[in-house]
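model-v4.txt follows (compact mmCIF, C-alpha atoms):
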```txt
# COMPACT_ATOMS: atom_id res chain seq x y z
CA MET A 1 -31.60 -15.55 23.37
CA ALA A 2 -30.26 -16.05 26.91
CA VAL A 3 -31.64 -12.70 28.06
CA GLY A 4 -35.02 -13.44 26.46
CA ALA A 5 -35.18 -16.89 28.06
CA GLY A 6 -34.28 -15.38 31.43
CA ILE A 7 -37.00 -12.72 31.23
CA VAL A 8 -39.62 -15.27 30.14
CA SER A 9 -38.63 -17.59 33.01
CA ILE A 10 -38.83 -14.80 35.62
CA VAL A 11 -42.22 -13.63 34.31
CA ALA A 12 -43.51 -17.22 34.39
CA ALA A 13 -42.13 -17.67 37.92
CA ARG A 14 -43.97 -14.52 39.04
CA VAL A 15 -47.24 -15.55 37.41
CA PHE A 16 -47.28 -19.17 38.57
CA GLY A 17 -45.26 -18.75 41.75
CA ILE A 18 -42.66 -21.36 40.80
CA LEU A 19 -39.34 -20.70 42.52
CA GLU A 20 -37.38 -23.00 40.20
CA LEU A 21 -38.32 -20.90 37.14
CA PHE A 22 -37.08 -17.80 38.94
CA ILE A 23 -33.73 -19.51 39.58
CA ILE A 24 -33.50 -20.62 35.94
CA GLY A 25 -34.27 -17.09 34.70
CA ALA A 26 -31.72 -15.57 37.05
CA GLY A 27 -29.16 -18.10 35.79
CA PHE A 28 -29.80 -17.14 32.16
CA LEU A 29 -29.45 -13.42 32.90
CA SER A 30 -26.36 -13.95 35.06
CA ALA A 31 -24.69 -16.04 32.33
CA ALA A 32 -25.34 -13.33 29.75
CA GLY A 33 -23.99 -10.64 32.07
CA VAL A 34 -20.87 -12.63 32.95
CA SER A 35 -20.23 -13.43 29.27
CA LEU A 36 -20.41 -9.75 28.32
CA ALA A 37 -18.15 -8.82 31.22
CA ILE A 38 -15.55 -11.43 30.26
CA VAL A 39 -15.51 -10.34 26.62
CA TRP A 40 -15.25 -6.66 27.56
CA LEU A 41 -12.60 -7.01 30.29
CA ARG A 42 -10.47 -9.62 28.48
CA ARG A 43 -10.67 -7.92 25.10
CA PRO A 44 -7.09 -7.88 23.72
CA ARG A 45 -5.52 -4.51 22.91
CA LEU A 46 -3.48 -5.27 19.83
CA ARG A 47 -1.33 -3.60 17.20
CA ALA A 48 -0.75 -5.43 13.92
CA GLY A 49 1.28 -5.24 10.71
CA ARG A 50 0.74 -7.06 7.43
CA TRP A 51 3.50 -8.14 5.00
CA ILE A 52 2.86 -9.70 1.60
CA HIS A 53 5.58 -11.76 -0.12
CA PRO A 54 6.24 -11.08 -2.93
CA ALA A 55 4.75 -7.61 -3.30
CA VAL A 56 3.66 -8.37 -6.90
CA LEU A 57 2.59 -11.93 -7.68
CA VAL A 58 2.49 -13.66 -11.05
CA ALA A 59 -0.52 -15.73 -12.06
CA GLY A 60 0.01 -19.29 -10.87
CA ASP A 61 2.24 -18.29 -7.96
CA VAL A 62 1.62 -19.01 -4.29
CA GLY A 63 2.39 -16.02 -2.09
CA ARG A 64 2.27 -15.59 1.65
CA VAL A 65 0.65 -13.06 3.97
CA ASP A 66 2.47 -12.63 7.29
CA LEU A 67 0.84 -10.90 10.28
CA ARG A 68 2.84 -9.62 13.26
CA ILE A 69 0.82 -8.98 16.40
CA GLU A 70 1.78 -7.00 19.49
CA HIS A 71 -0.30 -7.10 22.70
CA LEU A 72 -0.50 -3.64 24.32
CA GLY A 73 -2.70 -4.58 27.30
CA SER A 74 -1.50 -4.59 30.91
CA VAL A 75 -2.83 -8.10 31.65
CA ARG A 76 -2.56 -11.41 29.86
CA SER A 77 -5.04 -11.69 27.00
CA SER A 78 -7.46 -14.49 26.40
CA GLU A 79 -7.46 -16.64 23.26
CA PHE A 80 -8.69 -14.82 20.15
CA THR A 81 -9.09 -15.29 16.42
CA LEU A 82 -7.81 -13.14 13.56
CA SER A 83 -9.87 -13.11 10.38
CA GLU A 84 -9.78 -11.23 7.10
CA ASP A 85 -11.56 -11.57 3.78
CA VAL A 86 -9.59 -12.52 0.66
CA ARG A 87 -11.30 -11.33 -2.52
CA ARG A 88 -9.70 -12.81 -5.64
CA PRO A 89 -10.57 -11.82 -9.23
CA ARG A 90 -13.03 -14.14 -10.96
CA SER A 91 -13.27 -16.29 -7.83
CA ALA A 92 -15.51 -16.42 -4.79
CA PHE A 93 -14.01 -14.68 -1.79
CA TYR A 94 -13.12 -16.57 1.34
CA SER A 95 -12.17 -15.66 4.89
CA ALA A 96 -8.80 -16.57 6.39
CA ARG A 97 -9.24 -17.42 10.10
CA LEU A 98 -6.16 -17.70 12.32
CA PRO A 99 -6.50 -18.72 15.99
CA VAL A 100 -3.99 -17.13 18.40
CA GLY A 101 -3.31 -18.31 21.94
CA PRO A 102 -3.18 -16.07 25.05
CA MET A 103 -0.53 -13.34 24.89
CA ALA A 104 1.41 -11.81 27.77
CA SER A 105 1.45 -8.06 28.26
CA GLY A 106 3.85 -6.50 25.75
CA GLY A 107 4.28 -9.80 23.95
CA PHE A 108 4.74 -10.39 20.21
CA THR A 109 3.59 -13.21 17.96
CA SER A 110 3.32 -13.83 14.24
CA THR A 111 1.09 -15.89 12.05
CA GLY A 112 0.08 -16.01 8.41
CA TYR A 113 -1.48 -17.90 5.53
CA GLN A 114 -0.80 -18.78 1.91
CA LEU A 115 -2.23 -16.66 -0.88
CA MET A 116 -3.13 -18.54 -4.07
CA ALA A 117 -2.80 -16.42 -7.23
CA SER A 118 -4.69 -18.56 -9.72
CA GLY A 119 -5.21 -15.78 -12.26
CA ARG A 120 -4.19 -12.20 -12.95
CA GLY A 121 -6.04 -9.35 -11.29
CA ILE A 122 -6.10 -7.39 -8.06
CA VAL A 123 -6.54 -9.36 -4.83
CA ARG A 124 -8.01 -7.39 -1.94
CA LEU A 125 -7.10 -8.44 1.59
CA GLY A 126 -8.93 -7.30 4.69
CA PRO A 127 -9.97 -5.67 6.77
CA LEU A 128 -8.13 -7.64 9.46
CA VAL A 129 -10.46 -8.19 12.41
CA VAL A 130 -9.72 -9.59 15.88
CA GLU A 131 -12.53 -11.60 17.42
CA ASN A 132 -12.72 -12.86 21.01
CA ARG A 133 -15.47 -14.88 22.70
CA ASP A 134 -16.36 -15.92 26.23
CA PRO A 135 -15.99 -19.56 27.32
CA LEU A 136 -19.74 -20.19 26.94
CA GLY A 137 -19.78 -18.80 23.40
CA MET A 138 -22.61 -16.39 24.23
CA ALA A 139 -20.83 -13.08 23.56
CA ARG A 140 -18.40 -11.94 20.91
CA ALA A 141 -16.40 -8.75 20.36
CA ARG A 142 -14.94 -7.76 16.97
CA THR A 143 -12.34 -5.02 16.50
CA GLN A 144 -10.74 -3.94 13.23
CA LEU A 145 -6.94 -3.92 13.31
CA LEU A 146 -5.91 -3.25 9.69
CA ASP A 147 -7.57 -1.75 6.64
CA VAL A 148 -7.79 -3.26 3.15
CA ASP A 149 -4.61 -3.95 1.14
CA GLU A 150 -4.37 -4.64 -2.58
CA VAL A 151 -2.06 -7.23 -4.14
CA PHE A 152 -1.35 -7.03 -7.86
CA VAL A 153 -1.25 -10.40 -9.63
CA ALA A 154 0.53 -9.87 -12.94
CA PRO A 155 -0.27 -12.05 -15.95
CA ARG A 156 1.97 -15.02 -16.64
CA SER A 157 4.79 -14.08 -19.00
CA TYR A 158 7.40 -16.01 -21.00
CA LEU A 159 11.01 -15.03 -21.56
CA LEU A 160 11.33 -14.85 -25.36
CA ASP A 161 14.37 -14.45 -27.59
CA MET A 162 14.53 -11.10 -29.34
CA PRO A 163 15.48 -11.19 -33.06
CA GLN A 164 19.10 -11.03 -34.18
CA LEU A 165 20.05 -9.63 -37.59
CA GLY A 166 20.11 -12.32 -40.24
CA GLN A 167 18.64 -15.04 -38.01
CA GLY A 168 15.22 -16.42 -38.88
CA VAL A 169 12.54 -14.79 -41.01
CA LEU A 170 12.35 -11.73 -38.78
CA GLY A 171 16.13 -11.38 -38.51
CA ALA A 172 16.47 -11.55 -42.31
CA GLN A 173 13.84 -8.82 -42.67
CA LEU A 174 15.69 -6.62 -40.19
CA LEU A 175 19.05 -7.23 -41.88
CA ALA A 176 17.63 -6.25 -45.28
CA LEU A 177 16.16 -3.11 -43.73
CA ALA A 178 19.48 -2.26 -42.06
CA ARG A 179 21.30 -2.56 -45.40
CA ARG A 180 18.77 -0.32 -47.11
CA LEU A 181 19.31 2.30 -44.42
CA GLY A 182 23.02 2.36 -45.29
CA PRO A 183 26.26 1.22 -43.66
CA GLY A 184 27.10 1.98 -40.07
CA ASP A 185 30.46 2.95 -38.65
CA PHE A 186 33.70 1.83 -40.34
CA HIS A 187 34.86 -1.43 -38.79
CA GLY A 188 37.98 -2.54 -40.68
CA LEU A 189 39.41 -4.09 -43.82
CA ARG A 190 39.30 -7.63 -45.17
CA GLU A 191 40.30 -9.45 -48.32
CA TYR A 192 38.07 -9.18 -51.34
CA VAL A 193 35.92 -12.26 -52.13
CA ASP A 194 33.71 -12.98 -55.11
CA GLY A 195 30.41 -11.16 -54.80
CA ASP A 196 31.72 -8.09 -52.97
CA GLU A 197 30.68 -4.73 -54.39
CA PRO A 198 33.53 -3.14 -56.35
CA ARG A 199 32.68 0.20 -54.77
CA SER A 200 33.54 -1.25 -51.34
CA ILE A 201 37.20 -1.76 -52.38
CA HIS A 202 39.66 0.41 -50.47
CA TRP A 203 42.00 1.30 -53.39
CA LYS A 204 44.66 3.10 -51.34
CA ALA A 205 45.03 0.22 -48.89
CA SER A 206 44.94 -2.31 -51.76
CA ALA A 207 47.78 -0.47 -53.52
CA ARG A 208 50.00 -1.05 -50.48
CA SER A 209 49.01 -4.72 -50.27
CA GLU A 210 49.36 -7.76 -52.50
CA VAL A 211 45.59 -8.43 -52.43
CA LEU A 212 42.46 -6.37 -52.87
CA LEU A 213 41.00 -5.11 -49.60
CA VAL A 214 37.41 -4.09 -49.03
CA LYS A 215 35.93 -1.87 -46.32
CA GLU A 216 33.73 -3.43 -43.67
CA HIS A 217 31.12 -1.44 -41.79
CA THR A 218 29.16 -2.36 -38.70
CA THR A 219 25.51 -3.20 -39.23
CA GLU A 220 23.24 -1.61 -36.63
CA GLY A 221 21.14 -4.10 -34.70
CA LEU A 222 17.64 -3.82 -33.25
CA ARG A 223 17.42 -0.91 -30.81
CA ARG A 224 13.74 -0.29 -29.99
CA CYS A 225 10.45 -2.15 -29.71
CA THR A 226 6.87 -0.83 -29.52
CA ILE A 227 4.11 -3.20 -28.37
CA VAL A 228 0.48 -2.23 -29.03
CA LEU A 229 -2.29 -4.19 -27.30
CA ASP A 230 -5.79 -4.16 -28.75
CA SER A 231 -8.08 -4.22 -25.70
CA GLY A 232 -11.39 -3.78 -27.52
CA ALA A 233 -14.14 -5.96 -26.09
CA GLU A 234 -15.74 -6.34 -29.52
CA THR A 235 -12.49 -7.58 -31.10
CA TYR A 236 -12.07 -10.90 -29.31
CA HIS A 237 -14.32 -13.92 -29.70
CA ASP A 238 -14.19 -14.81 -26.01
CA GLU A 239 -12.47 -13.99 -22.74
CA ASP A 240 -9.75 -16.60 -23.35
CA GLY A 241 -8.62 -14.76 -26.48
CA PHE A 242 -8.21 -11.54 -24.53
CA GLU A 243 -6.28 -13.34 -21.78
CA ARG A 244 -3.89 -14.78 -24.37
CA ALA A 245 -3.38 -11.28 -25.75
CA VAL A 246 -2.55 -9.99 -22.27
CA THR A 247 -0.06 -12.84 -21.76
CA ALA A 248 1.56 -12.09 -25.12
CA ALA A 249 1.85 -8.38 -24.26
CA ALA A 250 3.40 -9.12 -20.87
CA SER A 251 5.87 -11.57 -22.42
CA LEU A 252 7.00 -9.23 -25.20
CA VAL A 253 7.41 -6.18 -22.94
CA HIS A 254 9.28 -8.22 -20.34
CA SER A 255 11.55 -9.85 -22.96
CA ALA A 256 12.28 -6.66 -24.91
CA ASP A 257 13.21 -4.82 -21.74
CA ARG A 258 15.43 -7.70 -20.58
CA ALA A 259 17.19 -7.63 -23.99
CA GLY A 260 18.13 -3.96 -23.46
CA LEU A 261 15.81 -2.56 -26.13
CA SER A 262 14.13 0.82 -25.77
CA THR A 263 10.66 -0.53 -24.97
CA ARG A 264 7.27 1.15 -25.29
CA PHE A 265 3.82 -0.23 -24.45
CA VAL A 266 0.60 1.29 -25.79
CA THR A 267 -3.04 0.35 -25.28
CA ALA A 268 -6.47 1.99 -25.11
CA GLY A 269 -7.34 4.68 -22.60
CA GLY A 270 -4.31 6.83 -23.39
CA ILE A 271 -1.89 4.36 -21.76
CA ASP A 272 1.60 4.90 -23.18
CA LEU A 273 4.35 3.44 -20.99
CA ARG A 274 8.08 3.73 -21.56
CA GLY A 275 11.28 4.44 -19.66
CA PRO A 276 13.52 2.39 -17.34
CA ASP A 277 10.59 0.93 -15.36
CA VAL A 278 8.43 0.08 -18.36
CA ALA A 279 8.38 -3.69 -17.66
CA ALA A 280 7.33 -3.38 -14.01
CA ASN A 281 4.78 -0.65 -14.77
CA THR A 282 3.31 -2.64 -17.67
CA LEU A 283 2.93 -5.83 -15.64
CA ARG A 284 1.28 -3.87 -12.84
CA MET A 285 -1.12 -2.23 -15.30
CA LEU A 286 -1.92 -5.52 -17.07
CA ALA A 287 -2.83 -7.08 -13.72
CA GLY A 288 -6.08 -5.11 -13.65
CA ILE A 289 -6.83 -4.46 -17.33
CA ASP A 290 -10.28 -5.36 -18.66
CA PRO A 291 -11.65 -5.34 -22.21
CA SER A 292 -12.68 -1.82 -23.14
CA THR A 293 -15.42 -0.49 -25.39
CA GLY A 294 -15.22 2.20 -28.04
CA SER A 295 -12.50 3.13 -30.51
CA PHE A 296 -8.81 2.77 -29.81
CA GLY A 297 -7.89 6.33 -30.73
CA SER A 298 -4.66 7.54 -32.29
CA ILE A 299 -1.08 6.59 -31.41
CA ASP A 300 1.72 9.12 -31.19
CA HIS A 301 4.64 8.55 -33.53
CA ASP A 302 7.70 7.05 -31.87
CA PRO A 303 10.57 9.55 -32.20
CA GLY A 304 13.21 6.90 -31.37
CA GLU A 305 16.24 6.24 -33.53
CA GLY A 306 17.64 3.05 -35.03
CA LEU A 307 16.03 -0.18 -36.16
CA GLY A 308 12.71 -0.84 -34.48
CA LEU A 309 9.93 -3.40 -34.15
CA LEU A 310 6.23 -2.57 -34.07
CA ILE A 311 4.32 -5.51 -32.59
CA VAL A 312 0.52 -5.31 -32.65
CA ILE A 313 -1.47 -7.82 -30.58
CA SER A 314 -5.08 -8.34 -31.60
CA ALA A 315 -7.60 -11.04 -32.49
CA THR A 316 -7.03 -10.72 -36.26
CA ARG A 317 -4.90 -8.68 -38.66
CA SER A 318 -8.03 -6.93 -39.96
CA SER A 319 -8.95 -5.21 -36.68
CA PRO A 320 -9.07 -1.38 -36.65
CA THR A 321 -6.31 -1.26 -34.03
CA VAL A 322 -3.87 -2.97 -36.41
CA ARG A 323 -4.57 -0.36 -39.09
CA ILE A 324 -4.17 2.50 -36.60
CA ALA A 325 -0.89 1.07 -35.30
CA HIS A 326 0.51 0.59 -38.81
CA SER A 327 -0.18 4.25 -39.54
CA ILE A 328 2.79 5.21 -37.33
CA LEU A 329 5.24 2.91 -39.14
CA ASP A 330 8.37 4.65 -40.39
CA PRO A 331 11.12 3.36 -42.73
CA THR A 332 13.20 2.12 -39.77
CA GLN A 333 10.48 -0.14 -38.32
CA THR A 334 9.29 -3.67 -39.11
CA ALA A 335 5.69 -4.62 -38.26
CA VAL A 336 4.78 -7.95 -36.64
CA SER A 337 1.22 -9.07 -35.84
CA VAL A 338 0.30 -11.41 -32.98
CA VAL A 339 -3.18 -12.82 -33.63
CA THR A 340 -5.06 -14.73 -30.94
CA ASP A 341 -8.08 -15.93 -32.96
CA ASP A 342 -6.67 -16.40 -36.45
CA ILE A 343 -4.05 -18.31 -38.42
CA ALA A 344 -0.84 -16.80 -39.80
CA ARG A 345 -1.54 -15.06 -43.10
CA SER A 346 1.86 -13.42 -43.50
CA PRO A 347 5.45 -14.54 -42.79
CA LEU A 348 5.53 -11.96 -40.00
CA ASP A 349 2.30 -13.14 -38.31
CA VAL A 350 2.50 -14.95 -34.97
CA PRO A 351 -0.58 -17.12 -34.25
CA ALA A 352 -1.50 -17.31 -30.55
CA ARG A 353 -4.55 -19.57 -30.39
CA THR A 354 -2.85 -21.16 -27.38
CA GLU A 355 -0.02 -19.90 -25.21
CA ARG A 356 2.20 -22.74 -26.39
CA GLU A 357 1.51 -21.89 -30.03
CA PHE A 358 2.40 -18.25 -29.36
CA VAL A 359 5.76 -19.10 -27.76
CA SER A 360 6.77 -21.72 -30.36
CA SER A 361 5.66 -19.52 -33.31
CA TRP A 362 7.65 -16.57 -31.96
CA GLN A 363 10.75 -18.73 -31.50
CA VAL A 364 10.46 -20.01 -35.07
CA LEU A 365 10.04 -16.44 -36.35
CA THR A 366 13.26 -15.40 -34.62
CA GLY A 367 15.12 -18.45 -35.92
CA ARG A 368 15.35 -20.31 -32.64
CA GLY A 369 12.96 -23.10 -33.47
CA ARG A 370 12.62 -24.32 -29.92
CA LEU A 371 10.26 -23.95 -26.99
CA ASP A 372 12.05 -22.30 -24.08
CA VAL A 373 9.63 -20.81 -21.58
CA GLN A 374 10.50 -19.27 -18.27
CA ALA A 375 8.16 -17.43 -15.99
CA GLY A 376 8.95 -13.73 -16.15
CA ARG A 377 8.78 -11.50 -13.07
CA PRO A 378 8.65 -7.72 -12.74
```
Rendering of file as structure tokens:
Amino acid sequence: MAVGAGIVSIVAARVFGILELFIIGAGFLSAAGVSLAIVWLRRPRLRAGRWIHPAVLVAGDVGRVDLRIEHLGSVRSSEFTLSEDVRRPRSAFYSARLPVGPMASGGFTSTGYQLMASGRGIVRLGPLVVENRDPLGMARARTQLLDVDEVFVAPRSYLLDMPQLGQGVLGAQLLALARRLGPGDFHGLREYVDGDEPRSIHWKASARSEVLLVKEHTTEGLRRCTIVLDSGAETYHDEDGFERAVTAAASLVHSADRAGLSTRFVTAGGIDLRGPDVAANTLRMLAGIDPSTGSFGSIDHDPGEGLGLLIVISATRSSPTVRIAHSILDPTQTAVSVVTDDIARSPLDVPARTEREFVSSWQVLTGRGRLDVQAGRP
């Protein structure tokens, strides 16, 4: 605009012979030239680094992005502005703008901003751009310093109690299953009481004692847990139901792994996670999961040993994924259904029409009967 105004003024001065217009036009052109020269000569030569704390956020957290800037130029820089786009899932993106004062040659400075993680997903930061202007605001130079980074925002998870044999409805089911599978290792002897099986009497030890003694064996506890998430778009009534299912999956994987169980997570797309890093890998994967279309496919049988849980998370117990998951049940496993859009229709159903209902129903199932929620982290 300044250059155009200057040219128009000079042309008008030539046509009408007005010296003042010539001076005005020359002033416009000179201002534009000086502005460009200032921006070009005072352009800062920078090197930058970006650090995100923590590296993986949980939905509802507030993280921080720290930027460390080094000035590589031989002369003092002018003031400049750092800016980068922040694209959050299911939210409009915004631009973080950070003004930085003049920097001496070889100097360092740091700045940063807060990163709100309102919901799970992948937040994309950048590119980081440095912008400097001349004092008149007529010219601007933009230089990219850093490329795009991705921040994984894991779903919110709750630390749940895993079942203990004989405690609660689920614990009683597991204890009965453990007894059907037979006694464990020999533990010791104790006095006979009414109701003990006569075949458990240790006759040789009883002959050397004044009372009857019976053999006690250890009962094997829960050793493994498989969580299956139904991610079918056609299964859930709305997006909230799917989000509750994701929260339930994250909570169960996190809690089973924390309890020392051999944990496995399965969902559509051939995703089958297990091993020592199953909790961290599952939370990272759930950060970006979306409802899928098409059939779930088959599930490989779990070759693990010992008592196990098979937990299927879906909208209802009648979904195809529940039937497919139950097809891999073996005599050592107990099936539990977490339903996000239905009521409990079996003693081993866990309704999850709200997150609070899911946590309280699970605690009742395991015999705890209390609401004890803690945010879980990978």
Residues of segment 207-243 of chain A that approach segment 320-342 of chain A to 8 Å or less, counting only C-alpha atoms: could you list each one with the shortest pair of atoms and its distance in Å to one decimal, rows by chain and increasing residue number, as a Markdown table?
```
| residue | atom | partner | partner_atom | distance |
| --- | --- | --- | --- | --- |
| A:Val228 | CA | A:Ala325 | CA | 7.2 |
| A:Asp230 | CA | A:Thr321 | CA | 6.0 |
| A:Tyr236 | CA | A:Asp341 | CA | 7.4 |
| A:His237 | CA | A:Asp341 | CA | 7.3 |
| A:Gly241 | CA | A:Thr340 | CA | 5.7 |
| A:Phe242 | CA | A:Thr340 | CA | 7.8 |
```
Next, the residues of the selection above should be written as an mmCIF file, keeping the file's coordinate frame with C-alpha atoms.
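Heads up, here's the output in part06.cif:
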```
data_model
loop_
_atom_site.group_PDB
_atom_site.id
_atom_site.type_symbol
_atom_site.label_atom_id
_atom_site.label_comp_id
_atom_site.auth_asym_id
_atom_site.auth_seq_id
_atom_site.Cartn_x
_atom_site.Cartn_y
_atom_site.Cartn_z
ATOM 1 C CA VAL A 228 0.480 -2.230 -29.030
ATOM 2 C CA ASP A 230 -5.790 -4.160 -28.750
ATOM 3 C CA TYR A 236 -12.070 -10.900 -29.310
ATOM 4 C CA HIS A 237 -14.320 -13.920 -29.700
ATOM 5 C CA GLY A 241 -8.620 -14.760 -26.480
ATOM 6 C CA PHE A 242 -8.210 -11.540 -24.530
#
```
Practice item. Can you work out which one of A:Phe28, A:Phe22, A:Phe108, A:Tyr158 has the shortest atom-to-atom distance to Arg68 of chain A, counting all atoms listed in the file? Key: A:Phe108
Point to revise | Who sits within 10 Å of Gly27 of chain A, only C-alpha atoms, same chain under 4 positions skipped, as a list in words | key: Ala2, Val3, Ala5, Gly6, Ser9, Leu21, Phe22, Ile23, Ala31, Ala32 and Gly33 of chain A
Check your understanding: What's the 9 Å shell around Ile7 of chain A, counting only C-alpha atoms, without same-chain residues fewer than 6 positions away, as a PyMOL selection string?
Key -> chain A and resi 25-26+28-29
Kindly list the centre and edge lengths in Å, rounded to one decimal, for the axis-aligned box that covers all listed atoms of segment 9-24 of chain A plus 3 Å on each of its six sides, as AutoDock Vina command-line options.
```
--center_x -40.4 --center_y -18.3 --center_z 37.8 --size_x 19.8 --size_y 15.4 --size_z 15.5
```
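Atom CA of Ser83 of chain A to atom CA of Pro155 of chain A spans 28.0 Å [interatomic distance, one decimal].
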Check your understanding: In terms of the shortest atom-to-atom distance over all atoms listed in the file, which of A:Met162, A:Val359, A:Ile289, A:Val62 is closest to Gly260 of chain A?
Key -> A:Met162
Excluding Asp290 of chain A and residues on its chain fewer than 3 positions from it, collect all residues at most 9 Å away from it, counting all atoms listed in the file, and give them as an mmCIF file with C-alpha atoms, keeping the file's coordinate frame.
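To be explicit, this is the file written out as selection39.cif:
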```cif
data_model
loop_
_atom_site.group_PDB
_atom_site.id
_atom_site.type_symbol
_atom_site.label_atom_id
_atom_site.label_comp_id
_atom_site.auth_asym_id
_atom_site.auth_seq_id
_atom_site.Cartn_x
_atom_site.Cartn_y
_atom_site.Cartn_z
ATOM 1 C CA SER A 231 -8.080 -4.220 -25.700
ATOM 2 C CA ALA A 233 -14.140 -5.960 -26.090
ATOM 3 C CA PHE A 242 -8.210 -11.540 -24.530
ATOM 4 C CA LEU A 286 -1.920 -5.520 -17.070
#
```
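With all atoms listed in the file as the atoms that count, the minimum distance from Asp349 of chain A to the choices A:Ala59, A:Val169, A:Val34, A:Leu212 is reached by A:Val169.
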Practice item. Would you mind listing what lies within 12 Å of Trp362 of chain A as a ChimeraX atom specification, with only C-alpha atoms counted and same-chain residues fewer than 5 positions away left out? Key: /A:158-163,168-171,248,251-252,255,311,336-339,344,347-352,355-357,367-373
Review point. Using all atoms listed in the file, which of A:Leu165, A:Arg180, A:Asp85, A:Pro99 sits nearest Asp149 of chain A?
Key: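 Using all atoms listed in the file, the shortest distance to Asp149 of chain A belongs to A:Asp85.
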Point to revise | Protein and nucleic acid residues near (-9.8, -13.7, 24.8) (cut-off 12 Å, only C-alpha atoms) as a count of residues only | key: 39
Review point. Of the residues A:Val151, A:Ile69, A:Ala245, A:Val266, which is the one nearest to Gly106 of chain A, using only C-alpha atoms?
Key: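 Checking each candidate against Gly106 of chain A, we get A:Ile69 as the closest.
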Generate the missing atoms of segment 100-112 of chain A up to N, CA and C atoms and report them as a CSV table (one decimal), in the frame of the given file.
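What ended up in out35.csv:
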```csv
chain,number,residue,atom,x,y,z
A,100,VAL,N,-5.2,-17.6,17.7
A,100,VAL,CA,-4.0,-17.1,18.4
A,100,VAL,C,-4.2,-17.4,19.9
A,101,GLY,N,-3.2,-18.0,20.5
A,101,GLY,CA,-3.3,-18.3,21.9
A,101,GLY,C,-3.2,-17.1,22.8
A,102,PRO,N,-3.3,-17.2,24.1
A,102,PRO,CA,-3.2,-16.1,25.0
A,102,PRO,C,-1.8,-15.4,24.9
A,103,MET,N,-1.8,-14.1,25.0
A,103,MET,CA,-0.5,-13.3,24.9
A,103,MET,C,-0.3,-12.6,26.2
A,104,ALA,N,1.0,-12.6,26.6
A,104,ALA,CA,1.4,-11.8,27.8
A,104,ALA,C,1.4,-10.3,27.4
A,105,SER,N,1.4,-9.5,28.5
A,105,SER,CA,1.4,-8.1,28.3
A,105,SER,C,2.8,-7.7,27.6
A,106,GLY,N,2.7,-6.9,26.5
A,106,GLY,CA,3.8,-6.5,25.8
A,106,GLY,C,4.4,-7.6,24.9
A,107,GLY,N,3.8,-8.7,24.7
A,107,GLY,CA,4.3,-9.8,24.0
A,107,GLY,C,4.1,-9.6,22.5
A,108,PHE,N,4.9,-10.4,21.7
A,108,PHE,CA,4.7,-10.4,20.2
A,108,PHE,C,4.5,-11.8,19.7
A,109,THR,N,3.8,-11.9,18.6
A,109,THR,CA,3.6,-13.2,18.0
A,109,THR,C,3.4,-12.9,16.5
A,110,SER,N,3.5,-14.0,15.7
A,110,SER,CA,3.3,-13.8,14.2
A,110,SER,C,2.6,-15.0,13.7
A,111,THR,N,1.8,-14.8,12.7
A,111,THR,CA,1.1,-15.9,12.0
A,111,THR,C,0.9,-15.5,10.6
A,112,GLY,N,0.3,-16.3,9.8
A,112,GLY,CA,0.1,-16.0,8.4
A,112,GLY,C,-0.6,-17.1,7.7
```
